[in-house]
Structures are given as C-alpha cells and as structure tokens.
Amino acid sequence: MKILITGGNGFIGSNLTKLLLESNHQVIVIDNFYSSKENNFQDNKFTFINHDIINEMPNIECDLIFHLACPASPKVYLKDTLYTLDVNYIGTKNVLDFAKIKSIPVVFSSTSEIYGDPHISPQDEQYTGNVYPPSLRSSYDEGKRVAETLMYNYHINHRVPIQIVRLFNTYGPKMDPDDGRVVSNFIMQGLNKEPMSIYGDGSQTRSLCYIDDITSALYKLIIQWPAYEAPINLGNNHEMKIIDIANFISESLNIEKNYIYKELPEHDPKTRKPDNNKARKLLKWKPKISLKDGIEKTIEYFKNLD
C-alpha cells in the first residue's frame with residue numbers, strides 16, 4: 001500500500017514509518033517540524049513533503065492516511081494554544097476533505113487526554129471524560145475531542161472510512177528529550193545528574209506503553225480493518241504512581257533517588273489507566289514489551305543522542 005502519515009516525522013510517526021517501510025509499504029510523510037526534529041528519521045526510502053496541514057492538502061495519491069499531526073506534549077502545545085486548536089480542527093478538516101475526495105480511509109491518532117482528569121478508573125471508550133474547556137491545557141484536550149467529532153461526522157455524512165485510536169502514555173526511542181513528559185524528563189534528569197522533578201506528591205498515576213506495542217496495534221488496523229463502531233483505547237493497563245516510575249527509572253539508571261517536588265499543574269490528570277478490552281477483542285492485540293525492557297531501550301536511545 002501507499003500510506004500517507006501526517007506528522008510522520010514526530011515520535012510516533014517516525015516509528016510507524018520505520019515499521020511500514022520494513023513491511024514493504026510505500027510511505028509519504030507530511031510534517032512541518034513544528035514539534036519534531038529534522039533529523040528524527042534519516043531514511044531516503046520514503047517521500048517527504050514539508051507542509052502545514054492547516055493549509056490545503058497537496059495533491060497526493062495514496063491508499064490510506066494515518067493522521068498523527070498535532071503538537072502532543074504540554075511543553076509544545078502550550079507554546080501556541082490557538083495554533084494547537086487550528087491543527088486539531090482546521091488541519092483535521094483538511095485531511096478529511098482530502099480523504100473524501102480521494103475516497104480513502106483515515107486512522108486518527110487521538111489521546112487519553114480526551115478523558116481529562118477522570119472520575120473513573122480504568123477509562124473505557126464510553127466514558128465521556130472530565131475536561132474543563134476554558135483552560136490553556138484544553139487547547140489539546142478539547143482540540144482532540146473536536147477532531148474526533150469531525151472524524152465521526154465525515155464518516156456518517158460523507159462515508160469516509162475511519163478508525164479513531166486513543167493512545168495512552170506512549171514512550172520509547174525517538175522521544176524528544178526536552179518534551180516535558182514523565183519518562184523523558186526522568187531519564188534526562190537522571191543522566192544529567194539532576195534531581196527528578198515530581199509534580200504534586202507523586203501519587204498520580206500513568207500507564208506506560210512502549211512505542212513498538214503501539215505501532216504494532218496501528219499496523220493491525222491495516223491488515224484487519226474492523227467496521228467502525230467507536231474509538232479504540234491503545235495502551236498498557238499496568239498502572240503506576242509517578243513516584244514509582246521515578247524509583248524504577250532511578251534503579252534502571254543505577255543512581256540514587258534524588259527528587260525535587262513541584263506544584264502540580266492545573267487540571268493535570270490524577271489517574272491514567274486504559275480499559276483495553278476492545279483492542280484485545282477487535283485487533284487481537286495486547287502490549288508485549290515489559291517496562292524493564294522498554295525503559296532500558298529508551299535509556300540507551302537517550303544515552304546515544306548527539
């Protein structure tokens with residue numbers, strides 16, 4: 001297949017590109033380097049187009065779109081909250097208009113952040129969430145929610161084939177070391193012999209899923225496209241407290257536990273745990289990479305950065 005990936009130079013996109021190329025698919029990557037490094041993927045086997053999706057899509061021939069383009073880490077999406085909203089609404093609408101004209105399916109990369117600061121755990125796909133719209137953070141949370149609404153309405157009104165996946169706390173090689181996420185923060189601070197930053201008391205939880213598990217699930221959508229019913233959670237249901245993640249990474253780095261406690265950001269979620277029964281049933285998928293192996297591979301990646 002000839003597959004288009006918007007945001008294909010980012011963390012998830014570059015890993016997905018690698019898997020697709022290894023599986024003998026043709027890949028076209030669209031990216032504007034707003035939140036990714038130009039050297040994130042050094043391979044000449046795919047076609048690259050420097051383009052911002054808030055502008056009309058270029059005329060490309062392809063068989064399927066993975067729509068991943070969006071600033072995803074708080075450090076980046078808070079840099080320009082109106083641009084984050086534009087990418088999610090205008091950008092997604094441009095992608096869907098293109099897909100409608102070309103009659104091709106779209107897989108949209110949504111996020112666990114659409115659940116906000118949840119009142120239930122685990123979070124299943126029917127949970128409507130707890131998001132506070134008039135906040136800076138909601139430029140991402142609500143942006144993804146309206147993008148899901150666009151996907152659904154183009155599917156219903158224009159019969160665009162779609163899948164919506166909600167990704168939980170993905171980590172691994174090709175993460176930006178400065179993206180402000182928990183795993184990259186702890187590893188880089190540990191490698192630099194700095195105290196690890198714990199926001200709040202560290203009792204809030206995350207469920208970490210290694211990137212290869214996520215890309216394997218995305219690839220399954222190509223080879224066994226299910227009829228669209230609703231969004232699908234993709235994540236590891238092994239829930240950990242932030243303080244326990246810091247302890248685990250400290251032990252993996254073989255360093256003393258050295259923490260500095262900071263104020264918890266406003267509307268930061270207190271818990272993250274996916275109900276991934278739907279992915280198990282529809283895709284016959286579940287995470288395989290252990291936290292130990294995933295963290296070791298991620299540490300090795302960060303150690304070898306220039």
# chains A, B, ... in the order shown; residues from 1 in each chain; ligands from 1
call {"tool": "select_by_dssp", "arguments": {"residues": "segment 80-125 of chain A", "states": "alpha helix (DSSP H)", "output": "VMD selection string"}}
result
chain A and resid 81 to 86 92 to 102
call {"tool": "closest_atom_pairs", "arguments": {"of": "segment 165-212 of chain A", "to": "segment 281-300 of chain A", "cutoff": "10 Å", "atoms": "only C-alpha atoms", "output": "CSV"}}
result
residue,atom,partner,partner_atom,distance
A:Tyr171,CA,A:Thr298,CA,7.7
A:Gly172,CA,A:Thr298,CA,4.9
A:Pro173,CA,A:Thr298,CA,5.2
A:Lys174,CA,A:Thr298,CA,8.5
A:Met175,CA,A:Thr298,CA,8.6
A:Val183,CA,A:Ile295,CA,8.4
A:Ser184,CA,A:Thr298,CA,8.5
A:Ile187,CA,A:Ile299,CA,6.6
A:Met188,CA,A:Ile299,CA,8.6
A:Gly190,CA,A:Ile299,CA,9.9
A:Leu191,CA,A:Ile299,CA,8.7
A:Leu208,CA,A:Leu291,CA,7.7
A:Cys209,CA,A:Pro287,CA,7.2
A:Tyr210,CA,A:Gly294,CA,5.8
A:Ile211,CA,A:Gly294,CA,8.5
A:Asp212,CA,A:Ile289,CA,7.8
call {"tool": "write_last_selection", "arguments": {"atoms": "all heavy atoms", "output": "short mmCIF file (atom, residue, chain, number, x, y, z; two decimals), in the first residue's frame"}}
result
data_model
loop_
_atom_site.label_atom_id
_atom_site.label_comp_id
_atom_site.auth_asym_id
_atom_site.auth_seq_id
_atom_site.Cartn_x
_atom_site.Cartn_y
_atom_site.Cartn_z
N TYR A 171 5.86 5.76 25.20
CA TYR A 171 7.25 6.17 25.41
C TYR A 171 8.16 5.28 24.58
O TYR A 171 7.76 4.21 24.11
CB TYR A 171 7.63 6.08 26.89
CG TYR A 171 7.84 4.66 27.37
CD1 TYR A 171 9.13 4.12 27.47
CD2 TYR A 171 6.76 3.83 27.68
CE1 TYR A 171 9.33 2.80 27.88
CE2 TYR A 171 6.95 2.52 28.10
CZ TYR A 171 8.23 2.01 28.20
OH TYR A 171 8.43 0.72 28.59
N GLY A 172 9.42 5.72 24.40
CA GLY A 172 10.39 4.90 23.70
C GLY A 172 11.35 5.74 22.87
O GLY A 172 11.34 6.97 22.92
N PRO A 173 12.21 5.08 22.09
CA PRO A 173 13.16 5.79 21.23
C PRO A 173 12.47 6.77 20.28
O PRO A 173 11.36 6.53 19.84
CB PRO A 173 13.84 4.65 20.45
CG PRO A 173 13.74 3.48 21.37
CD PRO A 173 12.41 3.62 22.06
N LYS A 174 13.17 7.85 20.01
CA LYS A 174 12.75 8.97 19.17
C LYS A 174 11.84 9.96 19.89
O LYS A 174 11.34 10.91 19.31
CB LYS A 174 12.13 8.52 17.85
CG LYS A 174 13.11 7.71 16.99
CD LYS A 174 12.60 7.54 15.58
CE LYS A 174 13.55 6.66 14.78
NZ LYS A 174 14.89 7.29 14.64
N MET A 175 11.64 9.74 21.22
CA MET A 175 11.02 10.81 22.00
C MET A 175 11.95 12.01 22.01
O MET A 175 13.17 11.87 21.99
CB MET A 175 10.82 10.37 23.46
CG MET A 175 9.80 9.29 23.69
SD MET A 175 9.60 8.94 25.47
CE MET A 175 8.53 10.29 25.95
N VAL A 183 8.54 10.18 31.29
CA VAL A 183 9.65 9.25 31.06
C VAL A 183 10.89 9.99 30.57
O VAL A 183 11.99 9.80 31.10
CB VAL A 183 9.25 8.15 30.06
CG1 VAL A 183 10.47 7.32 29.64
CG2 VAL A 183 8.19 7.23 30.68
N SER A 184 10.73 10.85 29.59
CA SER A 184 11.89 11.59 29.07
C SER A 184 12.45 12.53 30.13
O SER A 184 13.68 12.67 30.27
CB SER A 184 11.51 12.37 27.81
OG SER A 184 10.34 13.13 28.01
N ILE A 187 14.44 10.32 32.74
CA ILE A 187 15.67 9.76 32.19
C ILE A 187 16.72 10.84 31.96
O ILE A 187 17.89 10.69 32.36
CB ILE A 187 15.39 8.99 30.87
CG1 ILE A 187 14.56 7.73 31.16
CG2 ILE A 187 16.71 8.61 30.18
CD1 ILE A 187 14.16 6.96 29.91
N MET A 188 16.32 11.95 31.36
CA MET A 188 17.30 13.00 31.06
C MET A 188 17.82 13.64 32.34
O MET A 188 19.02 13.94 32.44
CB MET A 188 16.68 14.05 30.14
CG MET A 188 16.38 13.55 28.73
SD MET A 188 17.81 12.78 27.92
CE MET A 188 18.97 14.15 27.88
N GLY A 190 18.05 12.17 35.22
CA GLY A 190 18.94 11.19 35.82
C GLY A 190 20.29 11.13 35.12
O GLY A 190 21.34 11.09 35.78
N LEU A 191 20.28 11.13 33.79
CA LEU A 191 21.54 11.09 33.03
C LEU A 191 22.38 12.34 33.28
O LEU A 191 23.61 12.28 33.27
CB LEU A 191 21.24 10.93 31.54
CG LEU A 191 20.69 9.58 31.08
CD1 LEU A 191 20.33 9.63 29.60
CD2 LEU A 191 21.69 8.46 31.33
N LEU A 208 2.20 3.23 31.25
CA LEU A 208 3.21 3.42 30.20
C LEU A 208 3.17 2.29 29.18
O LEU A 208 3.18 1.12 29.54
CB LEU A 208 4.60 3.51 30.83
CG LEU A 208 4.80 4.57 31.91
CD1 LEU A 208 6.23 4.50 32.46
CD2 LEU A 208 4.49 5.97 31.38
N CYS A 209 3.15 2.67 27.91
CA CYS A 209 3.11 1.68 26.83
C CYS A 209 4.26 1.95 25.87
O CYS A 209 4.40 3.08 25.36
CB CYS A 209 1.78 1.73 26.09
SG CYS A 209 1.49 0.32 25.00
N TYR A 210 5.07 0.94 25.60
CA TYR A 210 6.25 1.09 24.75
C TYR A 210 5.83 1.29 23.29
O TYR A 210 4.85 0.70 22.82
CB TYR A 210 7.15 -0.14 24.88
CG TYR A 210 8.48 0.01 24.20
CD1 TYR A 210 9.42 0.94 24.64
CD2 TYR A 210 8.82 -0.79 23.10
CE1 TYR A 210 10.65 1.08 24.02
CE2 TYR A 210 10.05 -0.66 22.48
CZ TYR A 210 10.96 0.27 22.94
OH TYR A 210 12.17 0.41 22.32
N ILE A 211 6.57 2.11 22.59
CA ILE A 211 6.21 2.53 21.24
C ILE A 211 6.00 1.36 20.28
O ILE A 211 5.09 1.40 19.43
CB ILE A 211 7.28 3.52 20.67
CG1 ILE A 211 6.89 4.01 19.28
CG2 ILE A 211 8.67 2.89 20.68
CD1 ILE A 211 5.61 4.79 19.20
N ASP A 212 6.81 0.31 20.36
CA ASP A 212 6.65 -0.82 19.44
C ASP A 212 5.31 -1.52 19.61
O ASP A 212 4.75 -2.06 18.65
CB ASP A 212 7.78 -1.83 19.62
CG ASP A 212 9.11 -1.33 19.07
OD1 ASP A 212 9.16 -0.19 18.57
OD2 ASP A 212 10.10 -2.08 19.14
#
call {"tool": "atom_distance", "arguments": {"atom1": "atom CA of Val95 of chain A", "atom2": "atom CA of Phe46 of chain A"}}
result
19.7 Å
call {"tool": "residues_around", "arguments": {"residues": "Ser110 of chain A", "least_positions_apart": "2", "cutoff": "10 Å", "atoms": "only C-alpha atoms", "output": "MDAnalysis selection string"}}
result
chainID A and resid 67:68 70 72 88 107:108 112:114 141 143:145 147:148 164:168 231:234
call {"tool": "residues_around", "arguments": {"residues": "Val182 of chain A", "least_positions_apart": "3", "cutoff": "8 Å", "atoms": "only C-alpha atoms", "output": "PyMOL selection string"}}
result
chain A and resi 185-186+242
call {"tool": "write_last_selection", "arguments": {"atoms": "N, CA, C and O atoms", "output": "mmCIF file, in the first residue's frame"}}
result
data_model
loop_
_atom_site.group_PDB
_atom_site.id
_atom_site.type_symbol
_atom_site.label_atom_id
_atom_site.label_comp_id
_atom_site.auth_asym_id
_atom_site.auth_seq_id
_atom_site.Cartn_x
_atom_site.Cartn_y
_atom_site.Cartn_z
ATOM 1 N N ASN A 185 11.579 13.165 30.908
ATOM 2 C CA ASN A 185 12.037 14.043 31.996
ATOM 3 C C ASN A 185 12.922 13.280 32.976
ATOM 4 O O ASN A 185 14.042 13.700 33.295
ATOM 5 N N PHE A 186 12.413 12.159 33.471
ATOM 6 C CA PHE A 186 13.136 11.406 34.493
ATOM 7 C C PHE A 186 14.458 10.859 33.954
ATOM 8 O O PHE A 186 15.492 10.928 34.628
ATOM 9 N N ILE A 242 3.433 8.015 39.800
ATOM 10 C CA ILE A 242 4.567 8.778 39.279
ATOM 11 C C ILE A 242 5.810 8.543 40.118
ATOM 12 O O ILE A 242 6.916 8.360 39.593
#
call {"tool": "residues_around", "arguments": {"residues": "segment 55-64 of chain A", "least_positions_apart": "5", "cutoff": "7 Å", "atoms": "only C-alpha atoms", "output": "ChimeraX atom specification"}}
result
/A:1-4,94-95,98,104-106
call {"tool": "residues_around", "arguments": {"residues": "segment 18-30 of chain A", "least_positions_apart": "3", "cutoff": "9 Å", "atoms": "only C-alpha atoms", "output": "PDB file with N, CA, C and O atoms, in the first residue's frame"}}
result
ATOM      1  N   MET A   1       0.832  -1.200   0.000  1.00  0.00           N
ATOM      2  CA  MET A   1       0.000   0.000   0.000  1.00  0.00           C
ATOM      3  C   MET A   1       0.868   1.252   0.000  1.00  0.00           C
ATOM      4  O   MET A   1       2.004   1.230   0.457  1.00  0.00           O
ATOM      5  N   LYS A   2       0.309   2.332  -0.493  1.00  0.00           N
ATOM      6  CA  LYS A   2       0.961   3.637  -0.399  1.00  0.00           C
ATOM      7  C   LYS A   2       0.258   4.403   0.727  1.00  0.00           C
ATOM      8  O   LYS A   2      -0.934   4.712   0.636  1.00  0.00           O
ATOM      9  N   ILE A   3       1.003   4.682   1.796  1.00  0.00           N
ATOM     10  CA  ILE A   3       0.415   5.208   3.026  1.00  0.00           C
ATOM     11  C   ILE A   3       0.949   6.599   3.326  1.00  0.00           C
ATOM     12  O   ILE A   3       2.164   6.823   3.328  1.00  0.00           O
ATOM     13  N   LEU A   4       0.033   7.516   3.590  1.00  0.00           N
ATOM     14  CA  LEU A   4       0.375   8.888   3.959  1.00  0.00           C
ATOM     15  C   LEU A   4       0.312   9.025   5.474  1.00  0.00           C
ATOM     16  O   LEU A   4      -0.666   8.607   6.104  1.00  0.00           O
ATOM     17  N   ILE A   5       1.361   9.609   6.073  1.00  0.00           N
ATOM     18  CA  ILE A   5       1.379   9.861   7.513  1.00  0.00           C
ATOM     19  C   ILE A   5       1.548  11.356   7.733  1.00  0.00           C
ATOM     20  O   ILE A   5       2.591  11.929   7.420  1.00  0.00           O
ATOM     21  N   THR A   6       0.512  11.998   8.270  1.00  0.00           N
ATOM     22  CA  THR A   6       0.668  13.398   8.668  1.00  0.00           C
ATOM     23  C   THR A   6       1.363  13.417  10.029  1.00  0.00           C
ATOM     24  O   THR A   6       1.067  12.593  10.903  1.00  0.00           O
ATOM     25  N   GLY A   7       2.309  14.340  10.199  1.00  0.00           N
ATOM     26  CA  GLY A   7       3.098  14.334  11.425  1.00  0.00           C
ATOM     27  C   GLY A   7       4.039  13.145  11.477  1.00  0.00           C
ATOM     28  O   GLY A   7       4.438  12.695  12.556  1.00  0.00           O
ATOM     29  N   GLY A   8       4.437  12.664  10.299  1.00  0.00           N
ATOM     30  CA  GLY A   8       5.220  11.432  10.224  1.00  0.00           C
ATOM     31  C   GLY A   8       6.655  11.546  10.678  1.00  0.00           C
ATOM     32  O   GLY A   8       7.347  10.535  10.780  1.00  0.00           O
ATOM     33  N   ASN A   9       7.125  12.770  10.958  1.00  0.00           N
ATOM     34  CA  ASN A   9       8.483  12.932  11.464  1.00  0.00           C
ATOM     35  C   ASN A   9       8.538  13.012  12.987  1.00  0.00           C
ATOM     36  O   ASN A   9       9.601  13.119  13.567  1.00  0.00           O
ATOM     37  N   GLY A  13       5.082   8.976  14.654  1.00  0.00           N
ATOM     38  CA  GLY A  13       5.114   8.895  13.203  1.00  0.00           C
ATOM     39  C   GLY A  13       6.389   8.283  12.657  1.00  0.00           C
ATOM     40  O   GLY A  13       6.347   7.465  11.720  1.00  0.00           O
ATOM     41  N   SER A  14       7.545   8.663  13.210  1.00  0.00           N
ATOM     42  CA  SER A  14       8.807   8.138  12.698  1.00  0.00           C
ATOM     43  C   SER A  14       8.956   6.650  13.015  1.00  0.00           C
ATOM     44  O   SER A  14       9.490   5.878  12.208  1.00  0.00           O
ATOM     45  N   ASN A  15       8.455   6.217  14.175  1.00  0.00           N
ATOM     46  CA  ASN A  15       8.479   4.790  14.498  1.00  0.00           C
ATOM     47  C   ASN A  15       7.511   4.003  13.613  1.00  0.00           C
ATOM     48  O   ASN A  15       7.816   2.882  13.186  1.00  0.00           O
ATOM     49  N   PHE A  41      14.304  11.109  11.602  1.00  0.00           N
ATOM     50  CA  PHE A  41      14.269   9.888  10.825  1.00  0.00           C
ATOM     51  C   PHE A  41      15.134  10.076   9.594  1.00  0.00           C
ATOM     52  O   PHE A  41      14.780  10.796   8.671  1.00  0.00           O
ATOM     53  N   ASP A  43      16.232   8.476   6.593  1.00  0.00           N
ATOM     54  CA  ASP A  43      15.991   7.373   5.670  1.00  0.00           C
ATOM     55  C   ASP A  43      15.491   7.975   4.366  1.00  0.00           C
ATOM     56  O   ASP A  43      14.600   8.824   4.372  1.00  0.00           O
ATOM     57  N   LYS A  45      14.072   6.231   1.958  1.00  0.00           N
ATOM     58  CA  LYS A  45      13.175   5.283   1.303  1.00  0.00           C
ATOM     59  C   LYS A  45      11.724   5.749   1.289  1.00  0.00           C
ATOM     60  O   LYS A  45      10.852   5.053   0.791  1.00  0.00           O
ATOM     61  N   PHE A  46      11.445   6.902   1.881  1.00  0.00           N
ATOM     62  CA  PHE A  46      10.083   7.423   1.843  1.00  0.00           C
ATOM     63  C   PHE A  46      10.086   8.808   1.226  1.00  0.00           C
ATOM     64  O   PHE A  46      11.114   9.478   1.128  1.00  0.00           O
ATOM     65  N   THR A  47       8.908   9.241   0.813  1.00  0.00           N
ATOM     66  CA  THR A  47       8.743  10.573   0.229  1.00  0.00           C
ATOM     67  C   THR A  47       8.394  11.560   1.339  1.00  0.00           C
ATOM     68  O   THR A  47       7.491  11.301   2.146  1.00  0.00           O
ATOM     69  N   PHE A  48       9.100  12.674   1.392  1.00  0.00           N
ATOM     70  CA  PHE A  48       8.840  13.679   2.422  1.00  0.00           C
ATOM     71  C   PHE A  48       8.300  14.959   1.788  1.00  0.00           C
ATOM     72  O   PHE A  48       8.820  15.441   0.775  1.00  0.00           O
ATOM     73  N   ILE A  49       7.253  15.518   2.409  1.00  0.00           N
ATOM     74  CA  ILE A  49       6.666  16.782   1.970  1.00  0.00           C
ATOM     75  C   ILE A  49       6.607  17.721   3.166  1.00  0.00           C
ATOM     76  O   ILE A  49       5.962  17.409   4.175  1.00  0.00           O
ATOM     77  N   ASN A  50       7.283  18.846   3.069  1.00  0.00           N
ATOM     78  CA  ASN A  50       7.251  19.849   4.126  1.00  0.00           C
ATOM     79  C   ASN A  50       5.975  20.670   3.955  1.00  0.00           C
ATOM     80  O   ASN A  50       5.845  21.467   3.019  1.00  0.00           O
ATOM     81  N   HIS A  51       5.023  20.462   4.853  1.00  0.00           N
ATOM     82  CA  HIS A  51       3.707  21.076   4.678  1.00  0.00           C
ATOM     83  C   HIS A  51       3.018  21.198   6.030  1.00  0.00           C
ATOM     84  O   HIS A  51       3.142  20.320   6.889  1.00  0.00           O
ATOM     85  N   ASP A  52       2.281  22.293   6.223  1.00  0.00           N
ATOM     86  CA  ASP A  52       1.473  22.515   7.412  1.00  0.00           C
ATOM     87  C   ASP A  52       0.026  22.183   7.062  1.00  0.00           C
ATOM     88  O   ASP A  52      -0.556  22.783   6.155  1.00  0.00           O
ATOM     89  N   ILE A  53      -0.572  21.241   7.788  1.00  0.00           N
ATOM     90  CA  ILE A  53      -1.902  20.773   7.399  1.00  0.00           C
ATOM     91  C   ILE A  53      -3.017  21.783   7.665  1.00  0.00           C
ATOM     92  O   ILE A  53      -4.157  21.536   7.258  1.00  0.00           O
ATOM     93  N   ILE A  60      -1.899  14.359  -3.540  1.00  0.00           N
ATOM     94  CA  ILE A  60      -1.084  13.171  -3.335  1.00  0.00           C
ATOM     95  C   ILE A  60      -1.930  11.939  -3.646  1.00  0.00           C
ATOM     96  O   ILE A  60      -3.122  11.905  -3.334  1.00  0.00           O
ATOM     97  N   CYS A  62      -2.561   8.198  -2.600  1.00  0.00           N
ATOM     98  CA  CYS A  62      -2.262   7.237  -1.546  1.00  0.00           C
ATOM     99  C   CYS A  62      -3.486   6.372  -1.298  1.00  0.00           C
ATOM    100  O   CYS A  62      -4.586   6.655  -1.786  1.00  0.00           O
ATOM    101  N   ALA A  69      -0.662  14.281  12.905  1.00  0.00           N
ATOM    102  CA  ALA A  69      -0.101  15.629  13.057  1.00  0.00           C
ATOM    103  C   ALA A  69      -0.799  16.407  14.170  1.00  0.00           C
ATOM    104  O   ALA A  69      -1.998  16.655  14.101  1.00  0.00           O
ATOM    105  N   ASP A 212       6.806   0.306  20.364  1.00  0.00           N
ATOM    106  CA  ASP A 212       6.650  -0.821  19.439  1.00  0.00           C
ATOM    107  C   ASP A 212       5.305  -1.516  19.614  1.00  0.00           C
ATOM    108  O   ASP A 212       4.750  -2.064  18.649  1.00  0.00           O
ATOM    109  N   THR A 215       2.807   0.875  17.727  1.00  0.00           N
ATOM    110  CA  THR A 215       2.879   0.790  16.264  1.00  0.00           C
ATOM    111  C   THR A 215       2.394  -0.567  15.763  1.00  0.00           C
ATOM    112  O   THR A 215       1.806  -0.653  14.672  1.00  0.00           O
ATOM    113  N   SER A 216       2.589  -1.634  16.545  1.00  0.00           N
ATOM    114  CA  SER A 216       2.075  -2.942  16.117  1.00  0.00           C
ATOM    115  C   SER A 216       0.548  -2.935  16.083  1.00  0.00           C
ATOM    116  O   SER A 216      -0.067  -3.548  15.203  1.00  0.00           O
ATOM    117  N   TYR A 219      -0.511  -1.013  13.007  1.00  0.00           N
ATOM    118  CA  TYR A 219      -0.316  -1.825  11.813  1.00  0.00           C
ATOM    119  C   TYR A 219      -1.435  -2.859  11.648  1.00  0.00           C
ATOM    120  O   TYR A 219      -1.855  -3.166  10.532  1.00  0.00           O
TER     121      TYR A 219
END
call {"tool": "select_by_dssp", "arguments": {"residues": "segment 109-282 of chain A", "states": "strand (DSSP E)", "output": "ChimeraX atom specification"}}
result
/A:109-111,162-167,170-171,196-199,205-207,209-210,232-234,239-241,259-262
call {"tool": "write_last_selection", "arguments": {"atoms": "N, CA, C and O atoms", "output": "tab-separated table (two decimals), in the first residue's frame"}}
result
chain	number	residue	atom	x	y	z
A	109	SER	N	-5.13	9.55	15.21
A	109	SER	CA	-4.45	9.35	16.49
A	109	SER	C	-4.99	10.35	17.50
A	109	SER	O	-4.58	11.50	17.54
A	110	SER	N	-5.93	9.88	18.33
A	110	SER	CA	-6.44	10.69	19.43
A	110	SER	C	-5.63	10.37	20.68
A	110	SER	O	-4.53	9.83	20.60
A	111	THR	N	-6.15	10.68	21.82
A	111	THR	CA	-5.34	10.63	23.04
A	111	THR	C	-6.19	10.32	24.27
A	111	THR	O	-7.39	10.62	24.30
A	162	ILE	N	-13.21	5.36	8.62
A	162	ILE	CA	-12.35	5.90	9.68
A	162	ILE	C	-12.09	4.87	10.77
A	162	ILE	O	-12.82	3.89	10.92
A	163	GLN	N	-11.01	5.11	11.51
A	163	GLN	CA	-10.77	4.50	12.81
A	163	GLN	C	-10.21	5.60	13.70
A	163	GLN	O	-9.44	6.45	13.25
A	164	ILE	N	-10.63	5.60	14.97
A	164	ILE	CA	-10.11	6.54	15.96
A	164	ILE	C	-9.44	5.73	17.06
A	164	ILE	O	-10.08	4.86	17.67
A	165	VAL	N	-8.17	6.01	17.30
A	165	VAL	CA	-7.45	5.32	18.39
A	165	VAL	C	-7.03	6.34	19.43
A	165	VAL	O	-6.56	7.43	19.10
A	166	ARG	N	-7.22	5.99	20.69
A	166	ARG	CA	-6.85	6.86	21.80
A	166	ARG	C	-5.60	6.29	22.48
A	166	ARG	O	-5.68	5.24	23.12
A	167	LEU	N	-4.49	6.99	22.31
A	167	LEU	CA	-3.21	6.48	22.79
A	167	LEU	C	-2.94	6.93	24.22
A	167	LEU	O	-3.13	8.09	24.56
A	170	THR	N	2.50	6.87	25.74
A	170	THR	CA	3.46	6.13	24.93
A	170	THR	C	4.87	6.67	25.16
A	170	THR	O	5.07	7.88	25.30
A	171	TYR	N	5.86	5.76	25.20
A	171	TYR	CA	7.25	6.17	25.41
A	171	TYR	C	8.16	5.28	24.58
A	171	TYR	O	7.76	4.21	24.11
A	196	MET	N	15.17	14.52	39.97
A	196	MET	CA	13.99	14.29	39.14
A	196	MET	C	12.83	15.12	39.67
A	196	MET	O	12.59	15.19	40.88
A	197	SER	N	12.11	15.78	38.76
A	197	SER	CA	11.00	16.66	39.13
A	197	SER	C	9.72	15.86	39.33
A	197	SER	O	9.22	15.24	38.40
A	198	ILE	N	9.20	15.88	40.57
A	198	ILE	CA	7.93	15.23	40.89
A	198	ILE	C	6.90	16.33	41.07
A	198	ILE	O	7.05	17.20	41.92
A	199	TYR	N	5.84	16.30	40.26
A	199	TYR	CA	4.80	17.31	40.38
A	199	TYR	C	3.70	16.78	41.30
A	199	TYR	O	3.25	15.65	41.16
A	205	THR	N	-1.22	8.74	38.76
A	205	THR	CA	-0.80	7.53	38.06
A	205	THR	C	-0.72	7.73	36.54
A	205	THR	O	-1.38	8.61	35.98
A	206	ARG	N	0.11	6.90	35.93
A	206	ARG	CA	0.20	6.80	34.48
A	206	ARG	C	0.32	5.32	34.12
A	206	ARG	O	0.75	4.49	34.94
A	207	SER	N	-0.02	4.99	32.88
A	207	SER	CA	0.09	3.62	32.38
A	207	SER	C	0.97	3.67	31.13
A	207	SER	O	0.53	4.11	30.07
A	209	CYS	N	3.15	2.67	27.91
A	209	CYS	CA	3.11	1.68	26.83
A	209	CYS	C	4.26	1.95	25.87
A	209	CYS	O	4.40	3.08	25.36
A	210	TYR	N	5.07	0.94	25.60
A	210	TYR	CA	6.25	1.09	24.75
A	210	TYR	C	5.83	1.29	23.29
A	210	TYR	O	4.85	0.70	22.82
A	232	ILE	N	-11.04	3.37	19.87
A	232	ILE	CA	-10.37	2.22	20.48
A	232	ILE	C	-9.23	2.71	21.35
A	232	ILE	O	-8.34	3.42	20.87
A	233	ASN	N	-9.23	2.35	22.63
A	233	ASN	CA	-8.10	2.65	23.50
A	233	ASN	C	-6.90	1.78	23.13
A	233	ASN	O	-7.05	0.57	22.90
A	234	LEU	N	-5.72	2.39	23.07
A	234	LEU	CA	-4.48	1.64	22.89
A	234	LEU	C	-3.52	2.05	24.00
A	234	LEU	O	-3.09	3.21	24.06
A	239	GLU	N	-0.87	0.12	35.66
A	239	GLU	CA	-0.91	1.48	36.21
A	239	GLU	C	0.16	1.65	37.28
A	239	GLU	O	0.35	0.78	38.12
A	240	MET	N	0.88	2.79	37.23
A	240	MET	CA	1.93	3.06	38.21
A	240	MET	C	1.82	4.49	38.72
A	240	MET	O	1.47	5.41	37.97
A	241	LYS	N	2.15	4.67	40.00
A	241	LYS	CA	2.26	6.03	40.54
A	241	LYS	C	3.51	6.70	39.95
A	241	LYS	O	4.51	6.04	39.67
A	259	TYR	N	14.96	13.57	44.36
A	259	TYR	CA	13.75	14.18	43.81
A	259	TYR	C	13.57	15.61	44.33
A	259	TYR	O	13.96	15.93	45.43
A	260	ILE	N	12.94	16.42	43.47
A	260	ILE	CA	12.51	17.75	43.88
A	260	ILE	C	11.01	17.83	43.60
A	260	ILE	O	10.55	17.42	42.52
A	261	TYR	N	10.26	18.31	44.58
A	261	TYR	CA	8.80	18.32	44.46
A	261	TYR	C	8.33	19.71	44.03
A	261	TYR	O	8.76	20.73	44.57
A	262	LYS	N	7.43	19.72	43.02
A	262	LYS	CA	6.93	20.98	42.48
A	262	LYS	C	5.40	20.96	42.48
A	262	LYS	O	4.78	19.90	42.60
call {"tool": "atom_distance", "arguments": {"atom1": "atom CA of Arg181 of chain A", "atom2": "atom CA of Leu136 of chain A"}}
result
17.2 Å
call {"tool": "decode", "arguments": {"residues": "segment 199-221 of chain A", "atoms": "C-alpha atoms", "output": "short mmCIF file (atom, residue, chain, number, x, y, z; two decimals), in the first residue's frame"}}
result
data_model
loop_
_atom_site.label_atom_id
_atom_site.label_comp_id
_atom_site.auth_asym_id
_atom_site.auth_seq_id
_atom_site.Cartn_x
_atom_site.Cartn_y
_atom_site.Cartn_z
CA TYR A 199 4.80 17.31 40.38
CA GLY A 200 2.39 17.14 43.29
CA ASP A 201 3.09 14.35 45.78
CA GLY A 202 3.76 11.75 43.08
CA SER A 203 0.62 9.74 43.83
CA GLN A 204 -0.98 10.48 40.46
CA THR A 205 -0.80 7.53 38.06
CA ARG A 206 0.20 6.80 34.48
CA SER A 207 0.09 3.62 32.38
CA LEU A 208 3.21 3.42 30.20
CA CYS A 209 3.11 1.68 26.83
CA TYR A 210 6.25 1.09 24.75
CA ILE A 211 6.21 2.53 21.24
CA ASP A 212 6.65 -0.82 19.44
CA ASP A 213 3.44 -2.08 21.05
CA ILE A 214 1.57 0.99 19.83
CA THR A 215 2.88 0.79 16.26
CA SER A 216 2.08 -2.94 16.12
CA ALA A 217 -1.54 -2.10 17.02
CA LEU A 218 -1.68 0.63 14.37
CA TYR A 219 -0.32 -1.83 11.81
CA LYS A 220 -3.03 -4.34 12.70
CA LEU A 221 -5.60 -1.77 11.53
#
